[in-house]
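Report on the structure given below.
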Amino acid sequence: MDQKDTLQRFLFDGAPVRGALVRLDDTWQQVLSRRAYPAPVARVLGEMMAASQLLSANLKFDGTLIMQLQGHGPLRLAVVEAGHDRSERATAKVQGDIDETMSLAELIGEGGRFVITLEPKQGEPWQGIVALEGDTLAEMLMHYMSRSEQLDTRLQLASDGETAAGLLLQRLPDGHGDADGWPRAVALADTLSSEELLTLAPTDILHRLYHEETVRVFEPEPTAFACNCSRDRVGDMLKMLGGEEVGDIVLEQGSVEIACDFCNQRYVFDEDDVNELFEFDVVDAVRNVRH
C-alpha cells in the first residue's frame, strides 16, 4: 500500500503512550518546486512541515497551526501553515551567504524567535513562544512541550531533497497502562535512524520498533500541499494599503503585481482593476493631486 504523504496516528493499548508518524513526499516537493532553497534552509523548512503535522495530529479544532521561525542570521523567516484537513504550505526568506555546514543556531543568528500560533475558524487565536534551547528543531519543540504543556514528548524529525518525515511520542497521564511502557517506547524510538525515518513507510516503522507491543493503528490521513491565496484576498490587502498608495504604484508602473510568498501565484491589477476595486477612479484622483 502506498503510504506516501500520510499522517499515521497510533495508540499503545498496554502503555501510557500515543503517537504519530508523518511522511511528506509530494507535499514537500510542491514546496521545493516553487523556490530553490540552500540545503540547510530546506532541511529546516522540511522539518518544520513534518513537526507542524505531528503537533496538530491530536488537536481537535477547525483551523490552522502556524509555525514561524524568525531570525537575524541568513535565515530571516521560515513559515509553515498546517490546516486541520492536513493541507500544508510553507515558505522561507533568506538573506546573505549560507554555508552548507551551517547549524540551526548559525542560520537563525542572535535574537531569533520561534512562534507557534493556533488560528481557529471560530474564536480567538492562541500563541506560544518556543525557547531556542537545543541544537535542533526537535529539541526546541520537546523542551517547549515539556514546559508549556507539562507533556513528556519525544520527537524525531528528518528532511532531505525528496522527503520530510517525523515521529512523535507523547506520554499519557498515569493510569493508561504499564508505566514502564513510556521509557521502553522512547528507548526503541531512539534506535530509529534518520535514513529509516525518511525511507520506510509508517506501518513498517511501527512494526520495526514496536512489533512486540500491542499498538492500535488508526486510519491513515492523507496530506497535501494547498495554498489559500486568491485574487479576492489580494484585493482585500490592496484595500488595506489604501487608494492613494495603490494609485501611486499604478501611475508609476502601469499596474500592481503581487506574488504569493507560498505558491508564487502572481496577481496583476491594472488601472481598470484598481478603480473597480475601490469603486471610484483612484488613479485619476492621484493624477489630479500630483498636478
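Following the order of the C-alpha cells, first chain is A, next is B, and so on, with residues numbered from 1 inside each chain and ligands from 1 in the order they appear.
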
Extract the full set of helix (DSSP H, G or I) residues from stretch 146-255 of chain A according to DSSP on the backbone, and format it as a PDB file with C-alpha atoms, in the first residue's frame.
```pdb
ATOM      1  CA  SER A 146       7.568  19.653  28.429  1.00  0.00           C
ATOM      2  CA  ARG A 147       7.435  23.149  29.947  1.00  0.00           C
ATOM      3  CA  SER A 148       4.305  24.700  28.480  1.00  0.00           C
ATOM      4  CA  GLY A 181       5.900   1.405  28.737  1.00  0.00           C
ATOM      5  CA  TRP A 182       6.911   5.060  28.239  1.00  0.00           C
ATOM      6  CA  PRO A 183      10.690   4.667  28.742  1.00  0.00           C
ATOM      7  CA  ARG A 184      10.534   1.458  26.726  1.00  0.00           C
ATOM      8  CA  ALA A 185       8.781   3.183  23.820  1.00  0.00           C
ATOM      9  CA  VAL A 186      11.287   6.054  23.883  1.00  0.00           C
ATOM     10  CA  ALA A 187      14.290   3.717  24.015  1.00  0.00           C
ATOM     11  CA  LEU A 188      13.030   1.821  20.982  1.00  0.00           C
ATOM     12  CA  ALA A 189      12.320   5.065  19.103  1.00  0.00           C
ATOM     13  CA  SER A 194      17.064   9.401  10.035  1.00  0.00           C
ATOM     14  CA  GLU A 195      17.506   7.289   6.910  1.00  0.00           C
ATOM     15  CA  GLU A 196      14.870   4.812   8.109  1.00  0.00           C
ATOM     16  CA  LEU A 197      12.521   7.634   9.032  1.00  0.00           C
ATOM     17  CA  LEU A 198      12.839   9.062   5.509  1.00  0.00           C
ATOM     18  CA  THR A 199      12.648   5.831   3.542  1.00  0.00           C
ATOM     19  CA  PRO A 202       4.859   4.477   8.604  1.00  0.00           C
ATOM     20  CA  THR A 203       3.457   0.958   9.164  1.00  0.00           C
ATOM     21  CA  ASP A 204       6.904  -0.531   8.510  1.00  0.00           C
ATOM     22  CA  ILE A 205       8.427   1.798  11.096  1.00  0.00           C
ATOM     23  CA  LEU A 206       5.784   0.819  13.654  1.00  0.00           C
ATOM     24  CA  HIS A 207       6.453  -2.866  13.019  1.00  0.00           C
ATOM     25  CA  ARG A 208      10.226  -2.338  13.129  1.00  0.00           C
ATOM     26  CA  LEU A 209      10.023  -0.570  16.509  1.00  0.00           C
ATOM     27  CA  TYR A 210       7.001  -1.999  18.297  1.00  0.00           C
ATOM     28  CA  ARG A 231      -7.443  37.337  -6.135  1.00  0.00           C
ATOM     29  CA  ASP A 232     -10.119  38.405  -3.647  1.00  0.00           C
ATOM     30  CA  ARG A 233      -7.667  38.112  -0.731  1.00  0.00           C
ATOM     31  CA  VAL A 234      -5.066  40.164  -2.599  1.00  0.00           C
ATOM     32  CA  GLY A 235      -7.747  42.733  -3.396  1.00  0.00           C
ATOM     33  CA  ASP A 236      -8.610  42.997   0.298  1.00  0.00           C
ATOM     34  CA  MET A 237      -4.917  43.552   1.068  1.00  0.00           C
ATOM     35  CA  LEU A 238      -4.737  46.365  -1.500  1.00  0.00           C
ATOM     36  CA  LYS A 239      -7.791  47.983   0.074  1.00  0.00           C
ATOM     37  CA  MET A 240      -5.998  47.960   3.424  1.00  0.00           C
ATOM     38  CA  LEU A 241      -2.996  49.584   1.743  1.00  0.00           C
ATOM     39  CA  GLY A 243      -6.279  54.041  -2.620  1.00  0.00           C
ATOM     40  CA  GLU A 244      -3.643  56.753  -2.661  1.00  0.00           C
ATOM     41  CA  GLU A 245      -0.701  54.390  -2.349  1.00  0.00           C
ATOM     42  CA  VAL A 246      -2.142  51.853  -4.802  1.00  0.00           C
ATOM     43  CA  GLY A 247      -2.932  54.631  -7.265  1.00  0.00           C
ATOM     44  CA  ASP A 248       0.647  55.926  -6.997  1.00  0.00           C
ATOM     45  CA  ILE A 249       2.001  52.484  -7.893  1.00  0.00           C
ATOM     46  CA  VAL A 250      -0.288  52.172 -10.925  1.00  0.00           C
ATOM     47  CA  LEU A 251       0.702  55.636 -12.182  1.00  0.00           C
ATOM     48  CA  GLU A 252       4.400  54.783 -11.873  1.00  0.00           C
ATOM     49  CA  GLN A 253       4.377  51.161 -13.045  1.00  0.00           C
TER      50      GLN A 253
END
```

Contact residues around stretch 106-114 of chain A with only C-alpha atoms at 12 Å, ignoring same-chain residues under 4 positions, as a PyMOL selection string | chain A and resi 38-45+48+66-80+92-102+127-133+135-137+140-141+144

From stretch 35-264 of chain A, collect each residue whose DSSP state is strand (DSSP E) and return the set as a CSV table (one decimal) with N, CA and C atoms, in the first residue's frame.
```csv
chain,number,residue,atom,x,y,z
A,63,GLY,N,-9.2,24.8,12.0
A,63,GLY,CA,-8.4,26.0,11.9
A,63,GLY,C,-7.0,25.7,11.4
A,64,THR,N,-6.0,26.5,11.7
A,64,THR,CA,-4.7,26.4,11.2
A,64,THR,C,-3.6,26.5,12.3
A,65,LEU,N,-2.6,25.6,12.2
A,65,LEU,CA,-1.5,25.7,13.1
A,65,LEU,C,-0.3,26.4,12.3
A,66,ILE,N,0.2,27.4,12.8
A,66,ILE,CA,1.3,28.2,12.1
A,66,ILE,C,2.5,28.2,12.9
A,67,MET,N,3.6,27.8,12.3
A,67,MET,CA,5.0,27.9,12.9
A,67,MET,C,5.8,28.9,12.2
A,68,GLN,N,6.4,29.8,13.0
A,68,GLN,CA,7.2,30.9,12.4
A,68,GLN,C,8.6,30.9,13.1
A,69,LEU,N,9.6,30.8,12.3
A,69,LEU,CA,11.0,30.9,12.8
A,69,LEU,C,11.5,32.2,12.3
A,70,GLN,N,11.8,33.2,13.2
A,70,GLN,CA,12.2,34.5,12.8
A,70,GLN,C,13.7,34.7,13.2
A,75,LEU,N,18.9,33.0,7.7
A,75,LEU,CA,17.6,32.6,7.6
A,75,LEU,C,16.7,33.7,8.3
A,76,ARG,N,16.1,34.5,7.6
A,76,ARG,CA,15.3,35.6,8.2
A,76,ARG,C,13.9,35.2,8.6
A,77,LEU,N,13.3,34.3,7.9
A,77,LEU,CA,12.0,33.8,8.2
A,77,LEU,C,11.7,32.5,7.6
A,78,ALA,N,11.1,31.6,8.3
A,78,ALA,CA,10.6,30.3,7.8
A,78,ALA,C,9.1,30.2,8.4
A,79,VAL,N,8.2,30.0,7.5
A,79,VAL,CA,6.8,29.9,7.9
A,79,VAL,C,6.2,28.6,7.4
A,80,VAL,N,5.4,27.9,8.2
A,80,VAL,CA,4.7,26.7,7.8
A,80,VAL,C,3.3,26.9,8.3
A,81,GLU,N,2.3,26.6,7.5
A,81,GLU,CA,0.9,26.6,7.9
A,81,GLU,C,0.3,25.3,7.6
A,82,ALA,N,-0.3,24.6,8.6
A,82,ALA,CA,-0.9,23.3,8.5
A,82,ALA,C,-2.4,23.4,8.9
A,83,GLY,N,-3.2,23.0,8.0
A,83,GLY,CA,-4.7,23.1,8.2
A,83,GLY,C,-5.2,21.8,8.9
A,87,SER,N,-3.9,19.8,5.0
A,87,SER,CA,-3.3,20.6,3.9
A,87,SER,C,-2.1,21.4,4.5
A,88,GLU,N,-1.2,21.8,3.7
A,88,GLU,CA,0.0,22.5,4.2
A,88,GLU,C,0.7,23.3,3.2
A,89,ARG,N,1.3,24.4,3.6
A,89,ARG,CA,2.1,25.3,2.7
A,89,ARG,C,3.2,25.8,3.5
A,90,ALA,N,4.3,26.3,2.9
A,90,ALA,CA,5.5,26.7,3.6
A,90,ALA,C,6.3,27.6,2.7
A,91,THR,N,7.1,28.5,3.3
A,91,THR,CA,8.0,29.4,2.6
A,91,THR,C,9.1,29.9,3.5
A,92,ALA,N,10.2,30.3,3.0
A,92,ALA,CA,11.3,30.9,3.8
A,92,ALA,C,11.9,32.0,3.0
A,93,LYS,N,12.5,33.0,3.8
A,93,LYS,CA,13.2,34.1,3.3
A,93,LYS,C,14.6,34.0,3.7
A,94,VAL,N,15.6,34.2,2.8
A,94,VAL,CA,17.0,34.1,3.0
A,94,VAL,C,17.7,35.3,2.6
A,113,ARG,N,13.4,34.3,17.1
A,113,ARG,CA,12.2,33.9,17.7
A,113,ARG,C,11.5,32.7,17.0
A,114,PHE,N,10.9,31.9,17.8
A,114,PHE,CA,10.2,30.7,17.3
A,114,PHE,C,8.8,30.7,17.9
A,115,VAL,N,7.8,30.9,17.0
A,115,VAL,CA,6.4,31.2,17.5
A,115,VAL,C,5.5,30.1,16.9
A,116,ILE,N,4.6,29.6,17.7
A,116,ILE,CA,3.5,28.7,17.3
A,116,ILE,C,2.2,29.4,17.5
A,117,THR,N,1.4,29.5,16.5
A,117,THR,CA,0.1,30.1,16.6
A,117,THR,C,-1.0,29.1,16.2
A,118,LEU,N,-2.1,29.1,16.9
A,118,LEU,CA,-3.3,28.3,16.6
A,118,LEU,C,-4.3,29.4,16.2
A,119,GLU,N,-4.8,29.3,14.9
A,119,GLU,CA,-5.9,30.2,14.5
A,119,GLU,C,-7.1,29.3,14.2
A,120,PRO,N,-8.1,29.3,15.1
A,120,PRO,CA,-9.3,28.5,14.9
A,120,PRO,C,-10.2,29.3,13.9
A,126,TRP,N,-4.5,31.6,19.5
A,126,TRP,CA,-3.6,31.4,20.7
A,126,TRP,C,-2.2,31.3,20.2
A,127,GLN,N,-1.3,31.9,20.9
A,127,GLN,CA,0.1,31.9,20.5
A,127,GLN,C,1.1,31.5,21.6
A,128,GLY,N,2.1,30.7,21.3
A,128,GLY,CA,3.1,30.3,22.2
A,128,GLY,C,4.5,30.6,21.7
A,129,ILE,N,5.4,30.9,22.6
A,129,ILE,CA,6.8,31.2,22.2
A,129,ILE,C,7.7,30.0,22.6
A,130,VAL,N,8.4,29.5,21.6
A,130,VAL,CA,9.3,28.4,21.8
A,130,VAL,C,10.7,28.9,22.1
A,153,THR,N,7.4,14.5,25.8
A,153,THR,CA,7.3,14.3,24.4
A,153,THR,C,8.6,13.8,23.8
A,154,ARG,N,8.6,12.9,22.9
A,154,ARG,CA,9.7,12.5,22.1
A,154,ARG,C,9.5,12.8,20.7
A,155,LEU,N,10.4,13.5,20.0
A,155,LEU,CA,10.1,14.0,18.7
A,155,LEU,C,11.4,13.8,17.8
A,156,GLN,N,11.2,13.1,16.7
A,156,GLN,CA,12.3,12.9,15.7
A,156,GLN,C,11.9,13.5,14.4
A,157,LEU,N,12.8,14.3,13.8
A,157,LEU,CA,12.5,14.9,12.5
A,157,LEU,C,13.6,14.7,11.5
A,158,ALA,N,13.3,14.6,10.3
A,158,ALA,CA,14.3,14.4,9.2
A,158,ALA,C,13.8,15.0,7.9
A,159,SER,N,14.7,15.5,7.1
A,159,SER,CA,14.3,16.1,5.8
A,159,SER,C,15.5,16.0,4.9
A,164,ALA,N,10.2,14.7,3.7
A,164,ALA,CA,10.2,15.2,5.1
A,164,ALA,C,9.4,14.3,5.9
A,165,ALA,N,9.9,13.9,7.1
A,165,ALA,CA,9.2,12.9,7.9
A,165,ALA,C,9.5,13.2,9.4
A,166,GLY,N,8.6,12.6,10.2
A,166,GLY,CA,8.8,12.8,11.7
A,166,GLY,C,8.0,11.7,12.5
A,167,LEU,N,8.5,11.5,13.7
A,167,LEU,CA,7.9,10.6,14.6
A,167,LEU,C,7.6,11.4,15.9
A,168,LEU,N,6.4,11.3,16.5
A,168,LEU,CA,6.0,11.9,17.7
A,168,LEU,C,5.5,10.9,18.7
A,169,LEU,N,6.1,10.9,19.9
A,169,LEU,CA,5.6,10.1,21.0
A,169,LEU,C,5.2,11.0,22.1
A,170,GLN,N,4.1,10.8,22.8
A,170,GLN,CA,3.7,11.6,23.9
A,170,GLN,C,3.2,10.7,25.1
A,171,ARG,N,3.6,11.0,26.3
A,171,ARG,CA,3.2,10.2,27.4
A,171,ARG,C,1.8,10.6,27.9
A,215,VAL,N,-0.3,-2.3,19.6
A,215,VAL,CA,-0.4,-0.9,19.2
A,215,VAL,C,-1.7,-0.8,18.3
A,216,ARG,N,-2.6,0.1,18.7
A,216,ARG,CA,-3.8,0.4,17.9
A,216,ARG,C,-3.4,1.4,16.8
A,217,VAL,N,-3.6,1.1,15.6
A,217,VAL,CA,-3.3,2.0,14.5
A,217,VAL,C,-4.5,2.5,13.8
A,221,GLU,N,-4.2,9.3,7.4
A,221,GLU,CA,-4.8,10.6,6.9
A,221,GLU,C,-3.9,11.2,5.8
A,222,PRO,N,-4.4,11.4,4.6
A,222,PRO,CA,-3.6,11.9,3.5
A,222,PRO,C,-3.2,13.4,3.8
A,224,ALA,N,-1.5,17.0,1.9
A,224,ALA,CA,-1.4,17.6,0.5
A,224,ALA,C,-1.0,19.1,0.6
A,225,PHE,N,-0.2,19.5,-0.4
A,225,PHE,CA,0.1,20.9,-0.5
A,225,PHE,C,-1.1,21.7,-0.9
A,255,SER,N,0.6,49.1,-13.4
A,255,SER,CA,-0.2,48.1,-12.7
A,255,SER,C,0.4,47.7,-11.4
A,256,VAL,N,-0.3,47.0,-10.6
A,256,VAL,CA,0.2,46.5,-9.3
A,256,VAL,C,0.3,45.0,-9.4
A,257,GLU,N,1.5,44.4,-9.1
A,257,GLU,CA,1.6,43.0,-9.2
A,257,GLU,C,2.0,42.4,-7.9
A,258,ILE,N,1.3,41.5,-7.4
A,258,ILE,CA,1.6,40.8,-6.1
A,258,ILE,C,1.8,39.3,-6.3
A,259,ALA,N,2.9,38.8,-5.8
A,259,ALA,CA,3.2,37.4,-5.9
A,259,ALA,C,3.0,36.7,-4.5
```

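A straight line drawn from atom CA of A:Leu200 to atom CA of A:Gly134 is 26.8 Å long.
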
Counting only C-alpha atoms, which residues of stretch 10-55 of chain A sit at most 8 Å from some atom of stretch 174-178 of chain A, and what is each one's closest atom pair with its distance in Å to one decimal, listed by chain and rising residue number, as CSV?
```
residue,atom,partner,partner_atom,distance
A:Asp13,CA,A:Gly177,CA,7.1
A:Gly14,CA,A:Gly177,CA,4.8
A:Ala15,CA,A:Gly177,CA,4.2
A:Pro16,CA,A:His176,CA,4.6
A:Val17,CA,A:His176,CA,8.0
```

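Compared by their closest atoms to A:Leu55, and using only C-alpha atoms, the residues A:Leu32, A:Leu11, A:Met142, A:Cys229 rank with A:Met142 nearest.
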
Here atom CA of A:Glu271 and atom CA of A:Gly254 stand apart by 7.1 Å

Separation of atom CA of A:Gly242 from atom CA of A:Val274, in Å and rounded to one decimal | 10.7 Å

Looking at only C-alpha atoms, which of A:Ala51, A:Gln8, A:Gly46, A:Thr223 is the one that sits closest to A:Asp26?
-> A:Thr223
